[in-house]
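Each remark here refers to the structure printed beneath this line.
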Amino acid sequence: MTGLDDRFEILLNDRVVKTPIAISAMAGWVDAAYVEARKDHVGAAFIGGYSVDAPTLQASREMAAGGREEFLPDDPLKELERQVERLERTGVVAGVNLRAASPESFREAAHALGDRAIYEIDAHCRQEPMIRAGCGEYLLHHTGILEEHVRGLAKEGVTVSVKIRAGVAKDDAALGHRLWKAGASVLHVDLMDFGYAKIRQIRNTSPVFLIANNSMHSFDRVMEMFSHGADMVSLARRSDPDTLAGIDAAIARYADEFGWFNAPKQLCRGGDVRALTFCCLPVKECPLIPTLSRLGVSREEYIRMKQEAVRGTPLESGEYTCFGSMAWCCKATSPCMLRDSSMQMAGLTTKEYMRLKRHLSQTIMERIFGGRAEGKQG
Ligand SMILES: Cc1cc2nc3c(=O)[nH]c(=O)nc-3n(C[C@H](O)[C@H](O)[C@H](O)COP(=O)(O)O)c2cc1C
Ligand code: SF4
Ligand code: SF4
């Protein structure tokens with residue numbers, strides 16, 4: 001990829017995402033027209049929520065009667081087809097936020113729309129009628145059913161997202177791991193009042209694509225999420241064009257300067273598992289050792305993993321650095337003349353160095369968590 005496409009290096013549902021900002025669902029408001037008016041500053045959008053079967057449609061009618069805005073088309077799946085078709089023309093990666101009471105209903109939606117959209121299961125809605133219909137937050141109290149929904153959709157070969165509200169299930173990080181194992185590729189988390197620590201906990205248990213949501217309308221808050229494990233942020237209530245444009249411009253500037261827009265903090269400064277890319281050889285008592293044992297990775301495996309991953313790349317060099325290779329070197333924001341001169345000798349700019357560290361971190365994540373079948377929980 002070149003130019004703008006490789007600024008963030010994100011593919012979602014096999015499509016290039018032009019900025020790591022999404023619009024989060026608001027029933028009755030967020031449809032293709034809503035996204036069209038904001039398309040220049042978002043990379044993905046989750047339209048809906050749409051209720052797609054009899055129990056959830058009944059719940060939507062009750063909610064509408066109670067004064068809430070709801071989408072209540074005559075034929076929800078036909079309407080979704082029209083909406084997704086329109087969304088596809090915006091250049092924004094399409095997601096549909098769905099409410100359904102059975103795995104069959106989710107599968108029917110998948111048959112209607114195919115792989116044109118990401119299927120987001122609404123396990124978030126806390127309105128009584130939706131909970132009674134066995135959807136929304138009900139699923140966070142009945143996680144086995146939620147996993148069944150995920151498995152059913154994943155079997156259809158489509159990309160699955162789950163929208164959750166943090167603090168409702170017993171253990172969000174453990175749930176994130178199980179949902180990823182069941183086939184979810186995206187976890188979309190409304191953080192409520194929880195801070196970045198929640199994002200880090202979830203990141204440390206799987207390589208799922210992680211979207212942080214709730215009040216993501218300042219650059220500082222967005223960067224806190226990115227540096228603790230989020231791959232994207234999403235906005236609902238403040239998804240006005242001005243707010244989106246401001247955040248988009250700030251993230252793009254940061255990415256153009258530092259190369260890795262969501263680089264983690266170093267592990268000893270509170271970074272998440274991706275920070276192993278910046279870690280030293282395991283030669284002293286520091287957070288690296290307990291992190292490796294929690295992940296079930298021996299010191300020898302860790303050393304081999306990094307050595308193999310940098311072989312033949314510029315990060316392999318660096319004989320004058322602390323450990324003889326930039327594989328073990330710190331984040332570019334930690335000043336170091338030894339590393340800087342090694343980068344210079346290898347012809348690397350700061351941005352390229354950080355990009356290579358990102359690729360190293362991706363390889364480390366793949367090795368640690370493996371495929372869904374044999375992934376480990378950290
Ligand atoms: C009016 C309204 C409707 C919403 N409808 C949905 C929905 O249908 N499905 C869903 O997953 N979240 C829904 N949400 C939650 C938002 O997507 C988002 O998680 C929440 O508003 C927090 O993010 P924010 O601070 O960016 O608004 C709704 C929120 C609002 C305000
Ligand atoms: S190995 Fe180095 S970077 Fe990693 S936690 Fe220890 S001191 Fe920090
Ligand atoms: S050479 Fe500098 S950047 Fe590399 S490990 Fe040592 S202190 Fe860190």
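Ordered as shown in the structure tokens, chains take letters A, B, and onward, while each chain numbers its residues from 1 and ligands are numbered from 1 in the order shown.
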
Near A:Gly176, counting only C-alpha atoms, which residues have an atom at most 10 Å away, once you skip same-chain residues fewer than 5 positions from it, shown as a PyMOL selection string? chain A and resi 162+164+171+181-182+184+186-189+201-208+210

Hey, which residues come within 8 Å of ligand 3 if we count only C-alpha atoms and all ligand atoms? Could you give them as a PyMOL selection string? chain A and resi 279-280+320-323+325-326+328-332+334-340

Could you name the residues that touch A:Ala54 at 10 Å or less, counting only C-alpha atoms, but leaving out those on the same chain fewer than 5 positions away, as a list in words?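 After dropping sequence-adjacent residues, the list is Ala59, Ser60, Ala100, Ala101, Ser105 and Ala133 of chain A.
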
Which of stretch 204-292 of chain A DSSP labels strand (DSSP E or B), written as number ranges by chain: A: 209-213, 232-235

Give me, as CSV, each residue of chain A that comes within 12 Å of ligand 2, together with its shortest interatomic pair and the distance in Å at one decimal, counting only C-alpha atoms and all ligand atoms, with rows ordered by chain and rising residue number.
```
residue,atom,partner,partner_atom_place_in_ligand_line,distance
A:Pro264,CA,ligand 2,3 (S),11.4
A:Lys265,CA,ligand 2,3 (S),9.4
A:Gln266,CA,ligand 2,3 (S),5.6
A:Leu267,CA,ligand 2,5 (S),4.6
A:Cys268,CA,ligand 2,5 (S),4.1
A:Arg269,CA,ligand 2,8 (Fe),7.3
A:Gly270,CA,ligand 2,5 (S),8.9
A:Gly271,CA,ligand 2,5 (S),8.8
A:Asp272,CA,ligand 2,5 (S),10.5
A:Val273,CA,ligand 2,4 (Fe),10.3
A:Arg274,CA,ligand 2,4 (Fe),10.9
A:Ala275,CA,ligand 2,4 (Fe),7.5
A:Leu276,CA,ligand 2,4 (Fe),6.6
A:Thr277,CA,ligand 2,4 (Fe),8.6
A:Phe278,CA,ligand 2,3 (S),5.8
A:Cys279,CA,ligand 2,4 (Fe),3.6
A:Cys280,CA,ligand 2,1 (S),4.0
A:Leu281,CA,ligand 2,1 (S),6.2
A:Pro282,CA,ligand 2,1 (S),6.0
A:Val283,CA,ligand 2,1 (S),7.8
A:Lys284,CA,ligand 2,6 (Fe),7.1
A:Glu285,CA,ligand 2,6 (Fe),7.3
A:Cys286,CA,ligand 2,6 (Fe),4.5
A:Pro287,CA,ligand 2,5 (S),4.6
A:Leu288,CA,ligand 2,5 (S),4.6
A:Ile289,CA,ligand 2,6 (Fe),7.7
A:Pro290,CA,ligand 2,5 (S),9.6
A:Thr291,CA,ligand 2,5 (S),8.7
A:Leu292,CA,ligand 2,1 (S),10.4
A:Arg299,CA,ligand 2,1 (S),11.2
A:Tyr302,CA,ligand 2,1 (S),11.2
A:Ile303,CA,ligand 2,1 (S),11.4
A:Cys322,CA,ligand 2,2 (Fe),10.7
A:Phe323,CA,ligand 2,2 (Fe),10.9
A:Ala327,CA,ligand 2,3 (S),11.5
A:Trp328,CA,ligand 2,2 (Fe),8.1
A:Cys329,CA,ligand 2,3 (S),8.0
A:Cys330,CA,ligand 2,3 (S),6.4
A:Lys331,CA,ligand 2,3 (S),8.6
A:Ser334,CA,ligand 2,3 (S),10.3
```

Suppose you want the space between atom CA of A:Met345 and atom CA of A:Glu319; what is it in Å?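 Going from atom CA of A:Met345 over to atom CA of A:Glu319, I get 10.5 Å.
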
Need to verify the contact set: stretch 19-31 of chain A, 6 Å, only C-alpha atoms, exclusion of same-chain residues closer than 2 positions in sequence. Can you return it as a PyMOL selection string? chain A and resi 17+33-34+42-49+69-71+232-236

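When only C-alpha atoms are used to measure the gap to A:Arg15, the shortest distance among A:Asn262, A:Val222, A:Gly91, A:Ala346 belongs to A:Gly91.
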
Select, from A:Asn97, A:Gln127, A:Ser102, A:Ser218, the residue with the minimum atom-to-atom distance to A:Glu62, counting only C-alpha atoms.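 Smallest distance to A:Glu62 is found for A:Gln127.
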
Atom-to-atom span, atom CA of A:Ser361 and atom CA of A:Val297, Å: 15.0 Å

Applying 9 Å and only C-alpha atoms, which residues near stretch 115-119 of chain A remain after dropping the ones on its own chain fewer than 3 positions away? List them as number ranges by chain. A: 12-13, 46, 84-85, 88, 93-98, 106, 109-111, 153, 157-162, 186

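Atom to atom, atom CA of A:Gly144 and atom CA of A:Ser293 stand 28.8 Å apart.
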
Between A:Pro314, A:Gly195, A:Gly136, A:Gly67, which has the minimum distance to ligand 1 (counting only C-alpha atoms and all ligand atoms)?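 Smallest separation from ligand 1 among the options: A:Gly136.
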
Check the DSSP output for the backbone and give back, as a PDB file with N, CA and C atoms, in the first residue's frame, the residues of stretch 83-184 of chain A in alpha helix (DSSP H).
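The result, written out as selection.pdb:
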```pdb
ATOM      1  N   GLN A  83     -29.654   0.263   2.442  1.00  0.00           N
ATOM      2  CA  GLN A  83     -28.757   1.115   3.230  1.00  0.00           C
ATOM      3  C   GLN A  83     -27.284   0.756   2.976  1.00  0.00           C
ATOM      4  N   VAL A  84     -27.001  -0.538   2.965  1.00  0.00           N
ATOM      5  CA  VAL A  84     -25.610  -0.968   2.788  1.00  0.00           C
ATOM      6  C   VAL A  84     -25.114  -0.612   1.387  1.00  0.00           C
ATOM      7  N   GLU A  85     -25.993  -0.757   0.408  1.00  0.00           N
ATOM      8  CA  GLU A  85     -25.634  -0.401  -0.965  1.00  0.00           C
ATOM      9  C   GLU A  85     -25.231   1.077  -1.035  1.00  0.00           C
ATOM     10  N   ARG A  86     -25.988   1.906  -0.362  1.00  0.00           N
ATOM     11  CA  ARG A  86     -25.709   3.342  -0.350  1.00  0.00           C
ATOM     12  C   ARG A  86     -24.405   3.625   0.420  1.00  0.00           C
ATOM     13  N   LEU A  87     -24.241   2.902   1.529  1.00  0.00           N
ATOM     14  CA  LEU A  87     -23.050   3.074   2.365  1.00  0.00           C
ATOM     15  C   LEU A  87     -21.781   2.704   1.599  1.00  0.00           C
ATOM     16  N   GLU A  88     -21.884   1.667   0.764  1.00  0.00           N
ATOM     17  CA  GLU A  88     -20.720   1.204   0.010  1.00  0.00           C
ATOM     18  C   GLU A  88     -20.165   2.306  -0.889  1.00  0.00           C
ATOM     19  N   PRO A 103     -29.991 -17.125  16.794  1.00  0.00           N
ATOM     20  CA  PRO A 103     -28.883 -17.239  15.830  1.00  0.00           C
ATOM     21  C   PRO A 103     -29.404 -17.283  14.398  1.00  0.00           C
ATOM     22  N   GLU A 104     -30.607 -17.891  14.194  1.00  0.00           N
ATOM     23  CA  GLU A 104     -31.158 -18.002  12.825  1.00  0.00           C
ATOM     24  C   GLU A 104     -31.415 -16.604  12.249  1.00  0.00           C
ATOM     25  N   SER A 105     -31.919 -15.698  13.097  1.00  0.00           N
ATOM     26  CA  SER A 105     -32.222 -14.356  12.590  1.00  0.00           C
ATOM     27  C   SER A 105     -30.944 -13.644  12.153  1.00  0.00           C
ATOM     28  N   PHE A 106     -29.861 -13.813  12.926  1.00  0.00           N
ATOM     29  CA  PHE A 106     -28.592 -13.206  12.516  1.00  0.00           C
ATOM     30  C   PHE A 106     -28.127 -13.819  11.194  1.00  0.00           C
ATOM     31  N   ARG A 107     -28.295 -15.142  11.090  1.00  0.00           N
ATOM     32  CA  ARG A 107     -27.838 -15.818   9.870  1.00  0.00           C
ATOM     33  C   ARG A 107     -28.643 -15.367   8.651  1.00  0.00           C
ATOM     34  N   GLU A 108     -29.931 -15.151   8.846  1.00  0.00           N
ATOM     35  CA  GLU A 108     -30.749 -14.663   7.719  1.00  0.00           C
ATOM     36  C   GLU A 108     -30.248 -13.306   7.235  1.00  0.00           C
ATOM     37  N   ALA A 109     -29.859 -12.464   8.194  1.00  0.00           N
ATOM     38  CA  ALA A 109     -29.301 -11.159   7.803  1.00  0.00           C
ATOM     39  C   ALA A 109     -28.030 -11.369   6.986  1.00  0.00           C
ATOM     40  N   ALA A 110     -27.208 -12.329   7.424  1.00  0.00           N
ATOM     41  CA  ALA A 110     -25.953 -12.600   6.701  1.00  0.00           C
ATOM     42  C   ALA A 110     -26.236 -13.093   5.286  1.00  0.00           C
ATOM     43  N   HIS A 111     -27.301 -13.892   5.121  1.00  0.00           N
ATOM     44  CA  HIS A 111     -27.642 -14.367   3.774  1.00  0.00           C
ATOM     45  C   HIS A 111     -28.079 -13.197   2.899  1.00  0.00           C
ATOM     46  N   ALA A 112     -28.777 -12.245   3.495  1.00  0.00           N
ATOM     47  CA  ALA A 112     -29.286 -11.115   2.703  1.00  0.00           C
ATOM     48  C   ALA A 112     -28.163 -10.164   2.275  1.00  0.00           C
ATOM     49  N   LEU A 113     -27.201  -9.929   3.158  1.00  0.00           N
ATOM     50  CA  LEU A 113     -26.202  -8.879   2.878  1.00  0.00           C
ATOM     51  C   LEU A 113     -24.847  -9.417   2.445  1.00  0.00           C
ATOM     52  N   GLU A 128     -35.552  -1.992  28.679  1.00  0.00           N
ATOM     53  CA  GLU A 128     -36.280  -3.162  29.185  1.00  0.00           C
ATOM     54  C   GLU A 128     -36.882  -4.043  28.080  1.00  0.00           C
ATOM     55  N   PRO A 129     -37.628  -3.452  27.101  1.00  0.00           N
ATOM     56  CA  PRO A 129     -38.253  -4.315  26.080  1.00  0.00           C
ATOM     57  C   PRO A 129     -37.218  -5.138  25.298  1.00  0.00           C
ATOM     58  N   MET A 130     -36.053  -4.545  25.038  1.00  0.00           N
ATOM     59  CA  MET A 130     -35.025  -5.271  24.272  1.00  0.00           C
ATOM     60  C   MET A 130     -34.435  -6.397  25.129  1.00  0.00           C
ATOM     61  N   ILE A 131     -34.264  -6.116  26.396  1.00  0.00           N
ATOM     62  CA  ILE A 131     -33.722  -7.141  27.299  1.00  0.00           C
ATOM     63  C   ILE A 131     -34.734  -8.296  27.413  1.00  0.00           C
ATOM     64  N   ARG A 132     -36.015  -7.950  27.496  1.00  0.00           N
ATOM     65  CA  ARG A 132     -37.050  -8.999  27.565  1.00  0.00           C
ATOM     66  C   ARG A 132     -37.071  -9.840  26.290  1.00  0.00           C
ATOM     67  N   TYR A 138     -29.060  -8.247  27.763  1.00  0.00           N
ATOM     68  CA  TYR A 138     -29.400  -9.627  28.164  1.00  0.00           C
ATOM     69  C   TYR A 138     -28.239 -10.562  27.816  1.00  0.00           C
ATOM     70  N   LEU A 139     -27.629 -10.296  26.661  1.00  0.00           N
ATOM     71  CA  LEU A 139     -26.573 -11.185  26.178  1.00  0.00           C
ATOM     72  C   LEU A 139     -25.309 -11.099  27.027  1.00  0.00           C
ATOM     73  N   LEU A 140     -25.126  -9.990  27.732  1.00  0.00           N
ATOM     74  CA  LEU A 140     -23.945  -9.875  28.602  1.00  0.00           C
ATOM     75  C   LEU A 140     -24.151 -10.625  29.917  1.00  0.00           C
ATOM     76  N   HIS A 141     -25.412 -10.971  30.197  1.00  0.00           N
ATOM     77  CA  HIS A 141     -25.696 -11.810  31.364  1.00  0.00           C
ATOM     78  C   HIS A 141     -25.865 -13.270  30.955  1.00  0.00           C
ATOM     79  N   THR A 143     -23.808 -15.071  28.421  1.00  0.00           N
ATOM     80  CA  THR A 143     -22.738 -14.969  27.424  1.00  0.00           C
ATOM     81  C   THR A 143     -22.622 -16.218  26.544  1.00  0.00           C
ATOM     82  N   GLY A 144     -23.150 -17.349  27.042  1.00  0.00           N
ATOM     83  CA  GLY A 144     -23.135 -18.556  26.210  1.00  0.00           C
ATOM     84  C   GLY A 144     -23.981 -18.329  24.960  1.00  0.00           C
ATOM     85  N   ILE A 145     -25.129 -17.657  25.117  1.00  0.00           N
ATOM     86  CA  ILE A 145     -26.005 -17.377  23.961  1.00  0.00           C
ATOM     87  C   ILE A 145     -25.297 -16.404  23.012  1.00  0.00           C
ATOM     88  N   LEU A 146     -24.644 -15.411  23.611  1.00  0.00           N
ATOM     89  CA  LEU A 146     -23.904 -14.447  22.783  1.00  0.00           C
ATOM     90  C   LEU A 146     -22.838 -15.172  21.948  1.00  0.00           C
ATOM     91  N   GLU A 147     -22.126 -16.075  22.580  1.00  0.00           N
ATOM     92  CA  GLU A 147     -21.102 -16.840  21.843  1.00  0.00           C
ATOM     93  C   GLU A 147     -21.741 -17.654  20.713  1.00  0.00           C
ATOM     94  N   GLU A 148     -22.933 -18.196  20.976  1.00  0.00           N
ATOM     95  CA  GLU A 148     -23.626 -18.951  19.914  1.00  0.00           C
ATOM     96  C   GLU A 148     -23.944 -18.046  18.724  1.00  0.00           C
ATOM     97  N   HIS A 149     -24.413 -16.837  19.017  1.00  0.00           N
ATOM     98  CA  HIS A 149     -24.699 -15.883  17.926  1.00  0.00           C
ATOM     99  C   HIS A 149     -23.427 -15.612  17.109  1.00  0.00           C
ATOM    100  N   VAL A 150     -22.328 -15.403  17.833  1.00  0.00           N
ATOM    101  CA  VAL A 150     -21.057 -15.115  17.145  1.00  0.00           C
ATOM    102  C   VAL A 150     -20.662 -16.301  16.275  1.00  0.00           C
ATOM    103  N   ARG A 151     -20.720 -17.502  16.868  1.00  0.00           N
ATOM    104  CA  ARG A 151     -20.321 -18.703  16.127  1.00  0.00           C
ATOM    105  C   ARG A 151     -21.167 -18.880  14.872  1.00  0.00           C
ATOM    106  N   GLY A 152     -22.477 -18.654  15.028  1.00  0.00           N
ATOM    107  CA  GLY A 152     -23.389 -18.829  13.897  1.00  0.00           C
ATOM    108  C   GLY A 152     -23.040 -17.881  12.760  1.00  0.00           C
ATOM    109  N   LEU A 153     -22.794 -16.636  13.090  1.00  0.00           N
ATOM    110  CA  LEU A 153     -22.453 -15.657  12.046  1.00  0.00           C
ATOM    111  C   LEU A 153     -21.094 -15.978  11.424  1.00  0.00           C
ATOM    112  N   ALA A 154     -20.122 -16.311  12.289  1.00  0.00           N
ATOM    113  CA  ALA A 154     -18.775 -16.580  11.769  1.00  0.00           C
ATOM    114  C   ALA A 154     -18.803 -17.746  10.784  1.00  0.00           C
ATOM    115  N   LYS A 155     -19.687 -18.720  11.053  1.00  0.00           N
ATOM    116  CA  LYS A 155     -19.796 -19.882  10.149  1.00  0.00           C
ATOM    117  C   LYS A 155     -20.257 -19.458   8.768  1.00  0.00           C
ATOM    118  N   ASP A 172     -14.895  -8.446  31.636  1.00  0.00           N
ATOM    119  CA  ASP A 172     -14.892  -8.014  30.228  1.00  0.00           C
ATOM    120  C   ASP A 172     -13.720  -8.597  29.444  1.00  0.00           C
ATOM    121  N   ALA A 173     -12.554  -8.686  30.109  1.00  0.00           N
ATOM    122  CA  ALA A 173     -11.371  -9.182  29.394  1.00  0.00           C
ATOM    123  C   ALA A 173     -11.545 -10.659  29.041  1.00  0.00           C
ATOM    124  N   ALA A 174     -12.044 -11.431  30.008  1.00  0.00           N
ATOM    125  CA  ALA A 174     -12.256 -12.863  29.740  1.00  0.00           C
ATOM    126  C   ALA A 174     -13.323 -13.030  28.653  1.00  0.00           C
ATOM    127  N   LEU A 175     -14.357 -12.193  28.701  1.00  0.00           N
ATOM    128  CA  LEU A 175     -15.408 -12.271  27.675  1.00  0.00           C
ATOM    129  C   LEU A 175     -14.821 -11.933  26.301  1.00  0.00           C
ATOM    130  N   GLY A 176     -13.998 -10.893  26.251  1.00  0.00           N
ATOM    131  CA  GLY A 176     -13.365 -10.506  24.982  1.00  0.00           C
ATOM    132  C   GLY A 176     -12.601 -11.680  24.385  1.00  0.00           C
ATOM    133  N   HIS A 177     -11.865 -12.379  25.235  1.00  0.00           N
ATOM    134  CA  HIS A 177     -11.101 -13.535  24.770  1.00  0.00           C
ATOM    135  C   HIS A 177     -12.036 -14.612  24.211  1.00  0.00           C
ATOM    136  N   ARG A 178     -13.122 -14.884  24.951  1.00  0.00           N
ATOM    137  CA  ARG A 178     -14.042 -15.957  24.502  1.00  0.00           C
ATOM    138  C   ARG A 178     -14.747 -15.573  23.203  1.00  0.00           C
ATOM    139  N   LEU A 179     -15.117 -14.316  23.086  1.00  0.00           N
ATOM    140  CA  LEU A 179     -15.802 -13.880  21.857  1.00  0.00           C
ATOM    141  C   LEU A 179     -14.863 -13.978  20.665  1.00  0.00           C
ATOM    142  N   TRP A 180     -13.607 -13.599  20.891  1.00  0.00           N
ATOM    143  CA  TRP A 180     -12.614 -13.718  19.809  1.00  0.00           C
ATOM    144  C   TRP A 180     -12.459 -15.191  19.404  1.00  0.00           C
ATOM    145  N   LYS A 181     -12.361 -16.056  20.399  1.00  0.00           N
ATOM    146  CA  LYS A 181     -12.240 -17.497  20.100  1.00  0.00           C
ATOM    147  C   LYS A 181     -13.471 -18.013  19.357  1.00  0.00           C
ATOM    148  N   ALA A 182     -14.641 -17.453  19.687  1.00  0.00           N
ATOM    149  CA  ALA A 182     -15.874 -17.915  19.042  1.00  0.00           C
ATOM    150  C   ALA A 182     -15.973 -17.422  17.596  1.00  0.00           C
TER     151      ALA A 182
END
```

Would you mind telling me which residue in A:Gln362, A:Asn213, A:Gly324, A:Asp193 lies nearest to A:Ala263 when using only C-alpha atoms?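 Checking each of A:Gln362, A:Asn213, A:Gly324, A:Asp193 against A:Ala263, counting only C-alpha atoms, the winner is A:Gln362.
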
Write out as a list of chain:residue names each polymer residue whose atoms come within 8 Å of stretch 246-261 of chain A, counting only C-alpha atoms; drop sequence neighbours fewer than 3 positions from it. A:Arg7, A:Phe8, A:Thr19, A:Ile21, A:His41, A:Val42, A:His217, A:Ser218, A:Phe219, A:Phe226, A:Asp242, A:Thr243, A:Thr350, A:Lys351, A:Glu352, A:Met354, A:Arg355, A:Arg358

With N, CA and C atoms retained, write the just-selected residues as an mmCIF file, in the first residue's frame.
```
data_model
loop_
_atom_site.group_PDB
_atom_site.id
_atom_site.type_symbol
_atom_site.label_atom_id
_atom_site.label_comp_id
_atom_site.auth_asym_id
_atom_site.auth_seq_id
_atom_site.Cartn_x
_atom_site.Cartn_y
_atom_site.Cartn_z
ATOM 1 N N ARG A 7 -1.126 5.007 5.670
ATOM 2 C CA ARG A 7 -0.933 5.867 6.844
ATOM 3 C C ARG A 7 -1.282 5.108 8.124
ATOM 4 N N PHE A 8 -2.359 4.338 8.080
ATOM 5 C CA PHE A 8 -2.811 3.630 9.285
ATOM 6 C C PHE A 8 -2.671 2.113 9.177
ATOM 7 N N THR A 19 -9.251 6.177 8.095
ATOM 8 C CA THR A 19 -8.904 6.801 9.376
ATOM 9 C C THR A 19 -9.503 5.944 10.506
ATOM 10 N N ILE A 21 -11.344 6.113 12.885
ATOM 11 C CA ILE A 21 -12.495 6.707 13.571
ATOM 12 C C ILE A 21 -13.761 6.088 12.977
ATOM 13 N N HIS A 41 -14.403 12.108 7.109
ATOM 14 C CA HIS A 41 -13.623 12.045 8.354
ATOM 15 C C HIS A 41 -13.854 10.788 9.169
ATOM 16 N N VAL A 42 -14.452 9.769 8.548
ATOM 17 C CA VAL A 42 -14.608 8.490 9.257
ATOM 18 C C VAL A 42 -14.153 7.332 8.371
ATOM 19 N N HIS A 217 -14.153 12.438 22.201
ATOM 20 C CA HIS A 217 -14.147 13.645 21.379
ATOM 21 C C HIS A 217 -13.011 14.603 21.689
ATOM 22 N N SER A 218 -11.985 14.144 22.449
ATOM 23 C CA SER A 218 -10.782 14.984 22.546
ATOM 24 C C SER A 218 -9.590 14.149 22.109
ATOM 25 N N PHE A 219 -8.613 14.797 21.516
ATOM 26 C CA PHE A 219 -7.442 14.078 21.004
ATOM 27 C C PHE A 219 -6.722 13.361 22.152
ATOM 28 N N PHE A 226 -5.536 4.719 22.249
ATOM 29 C CA PHE A 226 -4.620 4.131 21.271
ATOM 30 C C PHE A 226 -3.361 3.578 21.952
ATOM 31 N N ASP A 242 -17.831 18.634 12.538
ATOM 32 C CA ASP A 242 -16.699 19.423 13.043
ATOM 33 C C ASP A 242 -15.841 18.628 14.020
ATOM 34 N N THR A 243 -16.500 17.940 14.950
ATOM 35 C CA THR A 243 -15.737 17.150 15.931
ATOM 36 C C THR A 243 -14.951 16.055 15.207
ATOM 37 N N THR A 350 12.758 7.890 11.997
ATOM 38 C CA THR A 350 11.976 7.536 13.187
ATOM 39 C C THR A 350 10.686 6.838 12.782
ATOM 40 N N LYS A 351 10.054 7.402 11.764
ATOM 41 C CA LYS A 351 8.781 6.861 11.307
ATOM 42 C C LYS A 351 8.933 5.418 10.810
ATOM 43 N N GLU A 352 10.017 5.167 10.048
ATOM 44 C CA GLU A 352 10.224 3.803 9.532
ATOM 45 C C GLU A 352 10.557 2.835 10.674
ATOM 46 N N MET A 354 9.528 3.020 13.738
ATOM 47 C CA MET A 354 8.287 2.719 14.466
ATOM 48 C C MET A 354 7.382 1.774 13.656
ATOM 49 N N ARG A 355 7.398 1.944 12.360
ATOM 50 C CA ARG A 355 6.609 1.054 11.501
ATOM 51 C C ARG A 355 7.109 -0.395 11.609
ATOM 52 N N ARG A 358 6.102 -1.829 14.762
ATOM 53 C CA ARG A 358 4.686 -2.230 14.705
ATOM 54 C C ARG A 358 4.550 -3.627 14.084
#
```

Could you tell me which of A:Glu156, A:Arg89, A:Glu81, A:Cys135 comes closest to ligand 1 if we count only C-alpha atoms and all ligand atoms?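 Among A:Glu156, A:Arg89, A:Glu81, A:Cys135, it is A:Cys135 that comes nearest to ligand 1.
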
Nearest to A:Met305: which of A:Ile364, A:Pro55, A:Ala65, A:His359 is it, counting only C-alpha atoms? A:Ile364
